[in-house]
>>> print(open('final15.cif').read())   # mmCIF, C-alpha atoms
data_coords
loop_
_atom_site.group_PDB
_atom_site.id
_atom_site.type_symbol
_atom_site.label_atom_id
_atom_site.label_comp_id
_atom_site.auth_asym_id
_atom_site.auth_seq_id
_atom_site.Cartn_x
_atom_site.Cartn_y
_atom_site.Cartn_z
ATOM 1 C CA MET P 260 -30.068 -19.163 16.643
ATOM 2 C CA ARG P 261 -29.445 -16.793 13.792
ATOM 3 C CA ALA P 262 -26.540 -14.573 12.939
ATOM 4 C CA GLU P 263 -26.926 -10.913 12.053
ATOM 5 C CA THR P 264 -24.260 -9.783 9.587
ATOM 6 C CA ARG P 265 -23.045 -6.225 9.209
ATOM 7 C CA ALA P 266 -20.786 -5.254 6.344
ATOM 8 C CA PRO P 267 -17.932 -2.821 6.982
ATOM 9 C CA GLY P 268 -19.210 0.723 7.321
ATOM 10 C CA HIS P 269 -22.841 -0.345 7.810
ATOM 11 C CA LYS P 270 -24.411 1.863 10.414
ATOM 12 C CA GLY P 271 -27.164 -0.573 11.381
ATOM 13 C CA ARG P 272 -30.050 0.212 13.699
ATOM 14 C CA ALA P 273 -29.846 2.416 16.759
ATOM 15 C CA PRO P 274 -29.219 0.381 19.921
ATOM 16 C CA GLY P 275 -32.831 0.617 21.007
ATOM 17 C CA GLN P 276 -34.075 -0.540 17.637
ATOM 18 C CA ALA P 277 -31.871 -3.567 17.118
ATOM 19 C CA ARG P 278 -33.560 -6.942 16.680
ATOM 20 C CA ALA P 279 -32.323 -10.055 18.392
ATOM 21 C CA HIS P 280 -33.190 -13.538 17.158
ATOM 22 C CA HIS P 281 -34.785 -16.390 19.045
ATOM 23 C CA ALA P 282 -33.011 -19.764 19.104
ATOM 24 C CA PRO P 283 -34.899 -22.159 21.449
ATOM 25 C CA HIS P 284 -32.773 -25.204 20.565
ATOM 26 C CA HIS P 285 -29.632 -23.722 22.136
ATOM 27 C CA HIS P 286 -29.239 -23.760 25.891
ATOM 28 C CA SER P 287 -26.029 -21.729 26.141
ATOM 29 C CA ILE P 288 -24.349 -18.926 24.273
ATOM 30 C CA THR P 289 -21.169 -20.998 23.966
ATOM 31 C CA THR P 290 -22.915 -23.722 21.950
ATOM 32 C CA ALA P 291 -24.739 -21.113 19.855
ATOM 33 C CA LEU P 292 -21.482 -19.310 19.094
ATOM 34 C CA ALA P 293 -19.621 -22.555 18.402
ATOM 35 C CA GLU P 294 -22.275 -23.542 15.848
ATOM 36 C CA ALA P 295 -22.177 -20.110 14.197
ATOM 37 C CA LEU P 296 -18.375 -20.278 13.894
ATOM 38 C CA ALA P 297 -18.449 -23.878 12.646
ATOM 39 C CA ALA P 298 -20.787 -22.771 9.854
ATOM 40 C CA ARG P 299 -18.030 -20.359 8.788
ATOM 41 C CA GLY P 300 -15.335 -23.041 8.841
ATOM 42 C CA VAL P 301 -13.965 -22.301 12.312
ATOM 43 C CA THR P 302 -13.899 -25.476 14.388
ATOM 44 C CA GLY P 303 -12.154 -26.834 17.450
ATOM 45 C CA LEU P 304 -12.414 -23.649 19.538
ATOM 46 C CA ALA P 305 -12.994 -23.890 23.270
ATOM 47 C CA ILE P 306 -15.391 -20.976 23.637
ATOM 48 C CA CYS P 307 -14.704 -18.909 26.735
ATOM 49 C CA ALA P 308 -17.685 -16.797 27.858
ATOM 50 C CA ASP P 309 -15.780 -14.560 30.266
ATOM 51 C CA GLY P 310 -16.560 -11.181 28.692
ATOM 52 C CA ASP P 311 -13.037 -10.744 27.282
ATOM 53 C CA VAL P 312 -12.098 -10.521 23.617
ATOM 54 C CA HIS P 313 -10.590 -13.741 22.288
ATOM 55 C CA ARG P 314 -8.808 -14.241 18.969
ATOM 56 C CA PHE P 315 -8.823 -17.143 16.527
ATOM 57 C CA ASP P 316 -7.539 -17.912 13.040
ATOM 58 C CA ALA P 317 -9.706 -16.769 10.140
ATOM 59 C CA PRO P 318 -10.133 -19.793 7.834
ATOM 60 C CA ASP P 319 -9.377 -17.795 4.656
ATOM 61 C CA LYS P 320 -5.896 -16.737 5.834
ATOM 62 C CA ARG P 321 -2.694 -18.521 6.803
ATOM 63 C CA ARG P 322 -2.421 -20.423 10.058
ATOM 64 C CA GLY P 323 -1.508 -18.149 12.953
ATOM 65 C CA ASN P 324 -3.190 -15.062 11.490
ATOM 66 C CA LEU P 325 -5.477 -14.536 14.527
ATOM 67 C CA SER P 326 -7.692 -12.251 12.441
ATOM 68 C CA GLY P 327 -10.909 -13.562 13.962
ATOM 69 C CA TRP P 328 -12.301 -12.412 17.289
ATOM 70 C CA TYR P 329 -15.235 -13.120 19.585
ATOM 71 C CA VAL P 330 -16.579 -11.911 22.893
ATOM 72 C CA CYS P 331 -19.460 -13.107 25.091
ATOM 73 C CA PRO P 332 -20.505 -10.109 27.201
ATOM 74 C CA THR P 333 -23.451 -11.968 28.795
ATOM 75 C CA ALA P 334 -24.880 -15.467 28.959
ATOM 76 C CA GLU P 335 -27.249 -14.585 26.116
ATOM 77 C CA VAL P 336 -25.174 -12.461 23.728
ATOM 78 C CA ALA P 337 -22.024 -13.117 21.691
ATOM 79 C CA VAL P 338 -20.335 -11.056 19.005
ATOM 80 C CA TYR P 339 -17.708 -12.280 16.566
ATOM 81 C CA GLY P 340 -16.028 -10.957 13.478
ATOM 82 C CA TYR P 341 -12.931 -10.705 11.311
ATOM 83 C CA TRP P 342 -10.513 -7.819 11.703
ATOM 84 C CA HIS P 343 -9.080 -8.111 8.174
ATOM 85 C CA THR P 344 -12.522 -7.619 6.584
ATOM 86 C CA GLY P 345 -14.368 -5.553 9.193
ATOM 87 C CA GLU P 346 -17.234 -8.039 9.210
ATOM 88 C CA GLN P 347 -19.176 -8.422 12.447
ATOM 89 C CA GLN P 348 -21.900 -10.843 13.522
ATOM 90 C CA THR P 349 -24.108 -11.005 16.580
ATOM 91 C CA VAL P 350 -25.423 -14.224 18.090
ATOM 92 C CA THR P 351 -28.094 -13.976 20.778
ATOM 93 C CA LEU P 352 -30.504 -16.192 22.724
ATOM 94 C CA ALA P 353 -32.763 -13.241 23.566
ATOM 95 C CA GLY P 354 -36.363 -12.801 22.540
ATOM 96 C CA GLU P 355 -37.713 -11.095 19.451
ATOM 97 C CA HIS P 356 -36.860 -7.605 20.646
ATOM 98 C CA ASP P 357 -34.399 -6.875 23.410
ATOM 99 C CA PRO P 358 -32.841 -3.388 23.503
ATOM 100 C CA ALA P 359 -30.628 -4.365 26.448
ATOM 101 C CA ALA P 360 -29.113 -7.284 24.538
ATOM 102 C CA ALA P 361 -28.574 -5.053 21.534
ATOM 103 C CA GLU P 362 -26.773 -2.462 23.657
ATOM 104 C CA GLN P 363 -24.612 -5.175 25.213
ATOM 105 C CA ALA P 364 -23.685 -6.382 21.751
ATOM 106 C CA ARG P 365 -22.816 -2.847 20.668
ATOM 107 C CA GLN P 366 -20.586 -2.339 23.690
ATOM 108 C CA ALA P 367 -18.913 -5.695 23.092
ATOM 109 C CA ALA P 368 -18.208 -4.794 19.488
ATOM 110 C CA GLU P 369 -16.729 -1.449 20.515
ATOM 111 C CA ARG P 370 -14.549 -3.169 23.083
ATOM 112 C CA ALA P 371 -13.395 -5.602 20.399
ATOM 113 C CA ARG P 372 -12.610 -2.701 18.063
ATOM 114 C CA ARG P 373 -10.431 -1.015 20.690
ATOM 115 C CA GLU P 374 -8.669 -4.288 21.408
ATOM 116 C CA ARG P 375 -8.181 -4.869 17.689
ATOM 117 C CA ASP P 376 -6.593 -1.446 17.207
ATOM 118 C CA ALA P 377 -4.324 -1.868 20.214
ATOM 119 C CA GLN P 378 -3.275 -5.366 19.163
ATOM 120 C CA ARG P 379 -2.629 -4.244 15.603
ATOM 121 C CA GLN P 380 -0.345 -1.470 16.851
ATOM 122 C CA ARG P 381 1.531 -3.959 19.022
ATOM 123 C CA ASP P 382 1.840 -6.399 16.125
ATOM 124 C CA HIS P 383 3.093 -3.690 13.770
ATOM 125 C CA ALA P 384 5.650 -2.437 16.287
ATOM 126 C CA GLU P 385 7.006 -5.932 16.957
ATOM 127 C CA ALA P 386 7.180 -6.745 13.239
ATOM 128 C CA ALA P 387 8.939 -3.453 12.463
ATOM 129 C CA GLN P 388 11.531 -4.204 15.124
ATOM 130 C CA ARG P 389 12.106 -7.636 13.607
ATOM 131 C CA ALA P 390 12.368 -6.083 10.134
ATOM 132 C CA ARG P 391 15.069 -3.683 11.324
ATOM 133 C CA HIS P 392 16.971 -6.522 12.975
ATOM 134 C CA LEU P 393 16.869 -8.745 9.875
ATOM 135 C CA TRP P 394 17.785 -5.862 7.585
ATOM 136 C CA ALA P 395 20.767 -4.845 9.729
ATOM 137 C CA ALA P 396 22.041 -8.427 9.859
ATOM 138 C CA ALA P 397 21.722 -9.013 6.092
ATOM 139 C CA GLN P 398 24.345 -8.556 3.386
ATOM 140 C CA PRO P 399 24.016 -6.748 0.032
ATOM 141 C CA ALA P 400 22.179 -8.981 -2.429
ATOM 142 C CA GLY P 401 24.278 -10.735 -5.041
ATOM 143 C CA HIS P 402 23.605 -10.278 -8.743
ATOM 144 C CA HIS P 403 23.546 -14.043 -9.186
ATOM 145 C CA HIS P 404 20.630 -14.726 -6.883
ATOM 146 C CA PRO P 405 18.257 -17.094 -8.769
ATOM 147 C CA TYR P 406 15.295 -14.720 -8.483
ATOM 148 C CA LEU P 407 17.228 -11.746 -9.846
ATOM 149 C CA GLN P 408 18.580 -13.831 -12.695
ATOM 150 C CA ALA P 409 15.100 -15.121 -13.499
ATOM 151 C CA LYS P 410 13.730 -11.584 -13.534
ATOM 152 C CA GLY P 411 16.728 -10.160 -15.395
ATOM 153 C CA THR P 412 17.254 -7.245 -13.010
ATOM 154 C CA ALA P 413 20.005 -5.836 -10.805
ATOM 155 C CA PRO P 414 19.607 -5.910 -6.986
ATOM 156 C CA HIS P 415 19.005 -2.150 -6.661
ATOM 157 C CA GLY P 416 19.864 -2.047 -2.977
ATOM 158 C CA LEU P 417 18.179 -5.272 -1.872
ATOM 159 C CA ARG P 418 19.819 -7.296 0.855
ATOM 160 C CA GLN P 419 20.175 -11.009 1.322
ATOM 161 C CA HIS P 420 19.848 -13.186 4.431
ATOM 162 C CA GLY P 421 21.232 -16.591 3.535
ATOM 163 C CA ASP P 422 19.602 -17.385 0.202
ATOM 164 C CA VAL P 423 16.560 -15.181 0.879
ATOM 165 C CA LEU P 424 16.262 -11.739 -0.698
ATOM 166 C CA LEU P 425 14.932 -8.941 1.498
ATOM 167 C CA VAL P 426 12.826 -6.169 -0.045
ATOM 168 C CA PRO P 427 12.403 -3.241 2.392
ATOM 169 C CA LEU P 428 9.003 -1.621 2.801
ATOM 170 C CA PHE P 429 8.873 1.863 4.253
ATOM 171 C CA CYS P 430 6.072 4.031 5.570
ATOM 172 C CA ASP P 431 6.765 7.708 6.304
ATOM 173 C CA GLY P 432 10.462 6.973 5.973
ATOM 174 C CA VAL P 433 10.437 4.173 8.571
ATOM 175 C CA LEU P 434 11.188 0.522 7.783
ATOM 176 C CA VAL P 435 8.006 -1.358 8.746
ATOM 177 C CA ASN P 436 8.071 -4.623 6.800
ATOM 178 C CA LEU P 437 10.147 -6.912 4.608
ATOM 179 C CA GLN P 438 9.148 -9.004 1.656
ATOM 180 C CA ARG P 439 11.213 -12.186 1.706
ATOM 181 C CA ILE P 440 11.842 -13.745 -1.700
ATOM 182 C CA HIS P 441 13.174 -17.296 -1.837
ATOM 183 C CA PRO P 442 15.297 -18.663 -4.684
ATOM 184 C CA ASP P 443 12.252 -20.406 -6.190
ATOM 185 C CA GLY P 444 10.362 -17.082 -6.307
ATOM 186 C CA GLY P 445 8.181 -17.753 -3.269
ATOM 187 C CA LYS P 446 7.302 -14.500 -1.481
ATOM 188 C CA ARG P 447 6.268 -13.789 2.081
ATOM 189 C CA PHE P 448 5.831 -10.596 4.102
ATOM 190 C CA LEU P 449 6.721 -10.605 7.787
ATOM 191 C CA PRO P 450 3.813 -11.967 9.842
ATOM 192 C CA ARG P 451 1.487 -9.275 11.240
ATOM 193 C CA ALA P 452 3.608 -6.470 9.828
ATOM 194 C CA ARG P 453 2.155 -3.313 8.373
ATOM 195 C CA LEU P 454 1.447 -3.439 4.645
ATOM 196 C CA LYS P 455 -1.214 -0.811 3.973
ATOM 197 C CA GLY P 456 0.522 2.391 2.909
ATOM 198 C CA ALA P 457 3.966 0.744 2.934
ATOM 199 C CA ALA P 458 6.066 0.581 -0.246
ATOM 200 C CA SER P 459 9.530 -0.042 -1.663
ATOM 201 C CA LEU P 460 11.472 2.453 -3.784
ATOM 202 C CA VAL P 461 13.810 1.727 -6.680
ATOM 203 C CA GLY P 462 15.845 4.817 -7.563
ATOM 204 C CA ARG P 463 15.791 8.274 -5.956
ATOM 205 C CA LEU P 464 12.837 10.645 -5.698
ATOM 206 C CA ALA P 465 14.979 13.754 -5.305
ATOM 207 C CA GLY P 466 15.080 15.768 -8.506
ATOM 208 C CA ALA P 467 12.771 13.454 -10.445
ATOM 209 C CA GLY P 468 10.435 14.901 -13.045
ATOM 210 C CA ARG P 469 8.321 11.740 -13.235
ATOM 211 C CA VAL P 470 7.723 8.911 -10.787
ATOM 212 C CA TYR P 471 6.196 5.548 -11.609
ATOM 213 C CA LEU P 472 3.922 3.609 -9.252
ATOM 214 C CA CYS P 473 3.440 -0.133 -9.705
ATOM 215 C CA GLU P 474 2.704 -3.339 -7.800
ATOM 216 C CA GLY P 475 5.688 -5.699 -7.521
ATOM 217 C CA TRP P 476 9.376 -5.048 -6.881
ATOM 218 C CA ALA P 477 10.601 -6.790 -10.062
ATOM 219 C CA THR P 478 8.244 -4.605 -12.105
ATOM 220 C CA ALA P 479 9.655 -1.529 -10.344
ATOM 221 C CA ALA P 480 13.234 -2.617 -11.085
ATOM 222 C CA THR P 481 12.414 -3.233 -14.750
ATOM 223 C CA LEU P 482 10.695 0.140 -15.173
ATOM 224 C CA HIS P 483 13.572 1.959 -13.459
ATOM 225 C CA GLU P 484 16.142 0.295 -15.696
ATOM 226 C CA ALA P 485 14.101 1.120 -18.806
ATOM 227 C CA THR P 486 13.207 4.732 -17.995
ATOM 228 C CA GLY P 487 15.750 5.945 -15.429
ATOM 229 C CA CYS P 488 12.848 7.261 -13.362
ATOM 230 C CA PRO P 489 12.282 6.337 -9.710
ATOM 231 C CA VAL P 490 9.623 3.686 -9.225
ATOM 232 C CA VAL P 491 7.563 2.995 -6.118
ATOM 233 C CA ALA P 492 6.320 -0.576 -5.611
ATOM 234 C CA ALA P 493 3.110 -0.792 -3.589
ATOM 235 C CA MET P 494 3.352 -4.611 -3.529
ATOM 236 C CA THR P 495 -0.384 -5.256 -4.019
ATOM 237 C CA ALA P 496 -3.095 -3.862 -6.267
ATOM 238 C CA ASN P 497 -5.199 -2.917 -3.231
ATOM 239 C CA ASN P 498 -2.324 -0.805 -1.898
ATOM 240 C CA LEU P 499 -1.833 1.296 -5.042
ATOM 241 C CA ALA P 500 -4.318 4.047 -4.183
ATOM 242 C CA THR P 501 -3.140 4.382 -0.565
ATOM 243 C CA VAL P 502 0.520 4.591 -1.549
ATOM 244 C CA GLY P 503 -0.354 6.863 -4.459
ATOM 245 C CA ARG P 504 -2.077 9.407 -2.221
ATOM 246 C CA ALA P 505 0.903 9.532 0.144
ATOM 247 C CA LEU P 506 3.264 9.867 -2.814
ATOM 248 C CA ARG P 507 1.256 12.711 -4.326
ATOM 249 C CA GLN P 508 1.314 14.591 -1.007
ATOM 250 C CA ARG P 509 5.064 14.133 -0.691
ATOM 251 C CA LEU P 510 6.086 15.168 -4.200
ATOM 252 C CA PRO P 511 6.097 18.719 -5.588
ATOM 253 C CA ALA P 512 3.033 19.482 -7.696
ATOM 254 C CA GLU P 513 5.062 19.688 -10.900
ATOM 255 C CA VAL P 514 6.314 16.094 -10.606
ATOM 256 C CA ALA P 515 4.250 13.780 -12.807
ATOM 257 C CA ILE P 516 3.131 10.352 -11.589
ATOM 258 C CA THR P 517 2.389 7.424 -13.867
ATOM 259 C CA VAL P 518 0.609 4.351 -12.520
ATOM 260 C CA ALA P 519 2.057 1.314 -14.308
ATOM 261 C CA ALA P 520 -0.680 -1.243 -13.718
ATOM 262 C CA ASP P 521 -0.435 -4.993 -14.054
ATOM 263 C CA ASN P 522 -2.458 -6.376 -16.952
ATOM 264 C CA ASP P 523 -4.291 -9.372 -15.463
ATOM 265 C CA HIS P 524 -5.851 -10.173 -18.813
ATOM 266 C CA ARG P 525 -6.526 -13.797 -17.896
ATOM 267 C CA THR P 526 -8.414 -12.887 -14.720
ATOM 268 C CA GLU P 527 -12.068 -11.863 -14.846
ATOM 269 C CA GLY P 528 -12.449 -8.136 -14.337
ATOM 270 C CA ASN P 529 -8.706 -7.581 -14.822
ATOM 271 C CA PRO P 530 -8.029 -6.529 -11.208
ATOM 272 C CA GLY P 531 -4.616 -5.085 -12.077
ATOM 273 C CA ILE P 532 -5.902 -2.517 -14.551
ATOM 274 C CA THR P 533 -9.035 -1.917 -12.463
ATOM 275 C CA ALA P 534 -6.999 -1.050 -9.359
ATOM 276 C CA GLY P 535 -4.474 0.915 -11.411
ATOM 277 C CA ARG P 536 -7.186 3.025 -13.015
ATOM 278 C CA ALA P 537 -8.766 3.735 -9.620
ATOM 279 C CA ALA P 538 -5.406 4.787 -8.175
ATOM 280 C CA ALA P 539 -4.633 7.011 -11.162
ATOM 281 C CA GLN P 540 -8.016 8.716 -10.911
ATOM 282 C CA ALA P 541 -7.593 9.230 -7.154
ATOM 283 C CA ILE P 542 -4.351 11.192 -7.596
ATOM 284 C CA ARG P 543 -4.889 12.483 -11.154
ATOM 285 C CA ALA P 544 -1.977 10.472 -12.475
ATOM 286 C CA ASP P 545 -1.233 9.037 -15.909
ATOM 287 C CA LEU P 546 -1.994 5.366 -16.457
ATOM 288 C CA THR P 547 -0.228 2.728 -18.508
ATOM 289 C CA TRP P 548 -0.166 -1.066 -18.667
ATOM 290 C CA PRO P 549 1.772 -3.665 -20.679
ATOM 291 C CA ARG P 550 0.549 -5.049 -24.015
ATOM 292 C CA PHE P 551 2.026 -8.461 -24.777
ATOM 293 C CA PRO P 552 3.315 -9.693 -28.137
ATOM 294 C CA CYS P 553 2.771 -13.335 -27.241
ATOM 295 C CA ALA P 554 -0.581 -15.033 -27.893
ATOM 296 C CA GLY P 555 -2.351 -16.663 -24.956
ATOM 297 C CA CYS P 556 0.572 -16.045 -22.611
ATOM 298 C CA ALA P 557 0.462 -15.821 -18.818
ATOM 299 C CA CYS P 558 2.353 -12.502 -18.734
ATOM 300 C CA THR P 559 0.876 -9.816 -16.478
ATOM 301 C CA ASP P 560 3.405 -7.061 -15.725
ATOM 302 C CA PHE P 561 6.183 -4.977 -17.255
ATOM 303 C CA ASN P 562 8.865 -7.405 -16.106
ATOM 304 C CA ASP P 563 7.035 -10.197 -17.930
ATOM 305 C CA LEU P 564 6.851 -7.943 -20.988
ATOM 306 C CA ALA P 565 10.586 -7.257 -20.968
ATOM 307 C CA ARG P 566 11.439 -10.945 -20.775
ATOM 308 C CA CYS P 567 8.776 -11.836 -23.345
ATOM 309 C CA GLN P 568 10.151 -9.304 -25.810
ATOM 310 C CA GLN P 569 13.629 -10.800 -25.423
ATOM 311 C CA GLU P 570 12.289 -14.265 -26.204
ATOM 312 C CA VAL P 571 10.390 -13.239 -29.343
ATOM 313 C CA ALA P 572 13.081 -10.867 -30.656
ATOM 314 C CA PRO P 573 14.688 -12.084 -33.922
#
>>> encode(input="final15.cif", output="structure tokens")
Amino acid sequence: MRAETRAPGHKGRAPGQARAHHAPHHHSITTALAEALAARGVTGLAICADGDVHRFDAPDKRRGNLSGWYVCPTAEVAVYGYWHTGEQQTVTLAGEHDPAAAEQARQAAERARRERDAQRQRDHAEAAQRARHLWAAAQPAGHHHPYLQAKGTAPHGLRQHGDVLLVPLFCDGVLVNLQRIHPDGGKRFLPRARLKGAASLVGRLAGAGRVYLCEGWATAATLHEATGCPVVAAMTANNLATVGRALRQRLPAEVAITVAADNDHRTEGNPGITAGRAAAQAIRADLTWPRFPCAGCACTDFNDLARCQQEVAP
């Protein structure tokens, strides 16, 4: 048995040209698939070869993520992959060249894609409903919350459920997710909620001449307090470009946008500045990042810079 890997966006061969791989030491597709998954760190699954799409936890994500999927359309073909990466693999017991098996695998993958899209929409809808419920039940955040005191910022419209801060994330004006921040600074988004394209706003966009775009909420609060400009927090570096494009489409052409990137100077490749530069180029925005006065520090963002400057000030 061998596994054929296709990266996201790879077109691959035409169905009639695909190559299957011979695996004489396997007598069933369930054992072949189980071995392929075990090699990727997925163990303990009871493989069900019923032609339906089944989900499992991807080993590189939190328990309960259900980002992996597999389907066995025939007794000789199985397809599995990971929805969060787009990766797809085919496992087959067919001979050296079997167009029928290849077509079955293609159909199985397409069926899995449709199921993935439908399930993702269901997950997003359920998470958004939970976000609205939690947000409605929460109280305005107190200024003395340990996280806000540690970051040195005001609440700026955050809410609080017990001792957990709630940061609202909107997409097209609709609340779709919440970032929950615990007193010790631990952060979690709602499980299976939408994140791509979602963001949190500190300040008001109406009438602004310049808008800042950054990663985290505390950075957004710090920038807003320092500049008076509205700041949009995309939450992750990978989300900057997506949020930036939507922001550029929403704002009048004369409104300037500045991407305030994190400076991950202790991480190889500096992913914060790399992602910030890509986002700025995508929407023709200005780009800035923090420069730190401390030597060898672990600071990365503008909130770190503000607190660092207070510590080193005479």
>>> residues_around(input="final15.cif", residues="segment 405-411 of chain P", least_positions_apart="4", cutoff="7 Å", atoms="all atoms listed in the file", output="ChimeraX atom specification")
/P:442-444,477,562
>>> resolve_selection(input="final15.cif", expression="the PyMOL selection byres ((chain P and resi 506) around 12)", output="ChimeraX atom specification")
/P:430-432,456-460,464,469-472,489-493,499-505,507-512,514-518,538-539,541-544
>>> write_last_selection(input="final15.cif", atoms="C-alpha atoms", output="tab-separated table (two decimals), in the coordinates of the input")
chain	number	residue	atom	x	y	z
P	430	CYS	CA	6.07	4.03	5.57
P	431	ASP	CA	6.76	7.71	6.30
P	432	GLY	CA	10.46	6.97	5.97
P	456	GLY	CA	0.52	2.39	2.91
P	457	ALA	CA	3.97	0.74	2.93
P	458	ALA	CA	6.07	0.58	-0.25
P	459	SER	CA	9.53	-0.04	-1.66
P	460	LEU	CA	11.47	2.45	-3.78
P	464	LEU	CA	12.84	10.64	-5.70
P	469	ARG	CA	8.32	11.74	-13.24
P	470	VAL	CA	7.72	8.91	-10.79
P	471	TYR	CA	6.20	5.55	-11.61
P	472	LEU	CA	3.92	3.61	-9.25
P	489	PRO	CA	12.28	6.34	-9.71
P	490	VAL	CA	9.62	3.69	-9.22
P	491	VAL	CA	7.56	3.00	-6.12
P	492	ALA	CA	6.32	-0.58	-5.61
P	493	ALA	CA	3.11	-0.79	-3.59
P	499	LEU	CA	-1.83	1.30	-5.04
P	500	ALA	CA	-4.32	4.05	-4.18
P	501	THR	CA	-3.14	4.38	-0.56
P	502	VAL	CA	0.52	4.59	-1.55
P	503	GLY	CA	-0.35	6.86	-4.46
P	504	ARG	CA	-2.08	9.41	-2.22
P	505	ALA	CA	0.90	9.53	0.14
P	507	ARG	CA	1.26	12.71	-4.33
P	508	GLN	CA	1.31	14.59	-1.01
P	509	ARG	CA	5.06	14.13	-0.69
P	510	LEU	CA	6.09	15.17	-4.20
P	511	PRO	CA	6.10	18.72	-5.59
P	512	ALA	CA	3.03	19.48	-7.70
P	514	VAL	CA	6.31	16.09	-10.61
P	515	ALA	CA	4.25	13.78	-12.81
P	516	ILE	CA	3.13	10.35	-11.59
P	517	THR	CA	2.39	7.42	-13.87
P	518	VAL	CA	0.61	4.35	-12.52
P	538	ALA	CA	-5.41	4.79	-8.18
P	539	ALA	CA	-4.63	7.01	-11.16
P	541	ALA	CA	-7.59	9.23	-7.15
P	542	ILE	CA	-4.35	11.19	-7.60
P	543	ARG	CA	-4.89	12.48	-11.15
P	544	ALA	CA	-1.98	10.47	-12.48
>>> closest_residue(input="final15.cif", among="P:Arg525, P:Arg391, P:Arg372, P:Arg299", to="His313 of chain P", atoms="all atoms listed in the file")
P:Arg372
>>> atom_distance(input="final15.cif", atom1="atom CA of Val330 of chain P", atom2="atom CA of Leu449 of chain P")
27.8 Å
>>> atom_distance(input="final15.cif", atom1="atom CA of Phe429 of chain P", atom2="atom CA of Arg381 of chain P")
17.5 Å
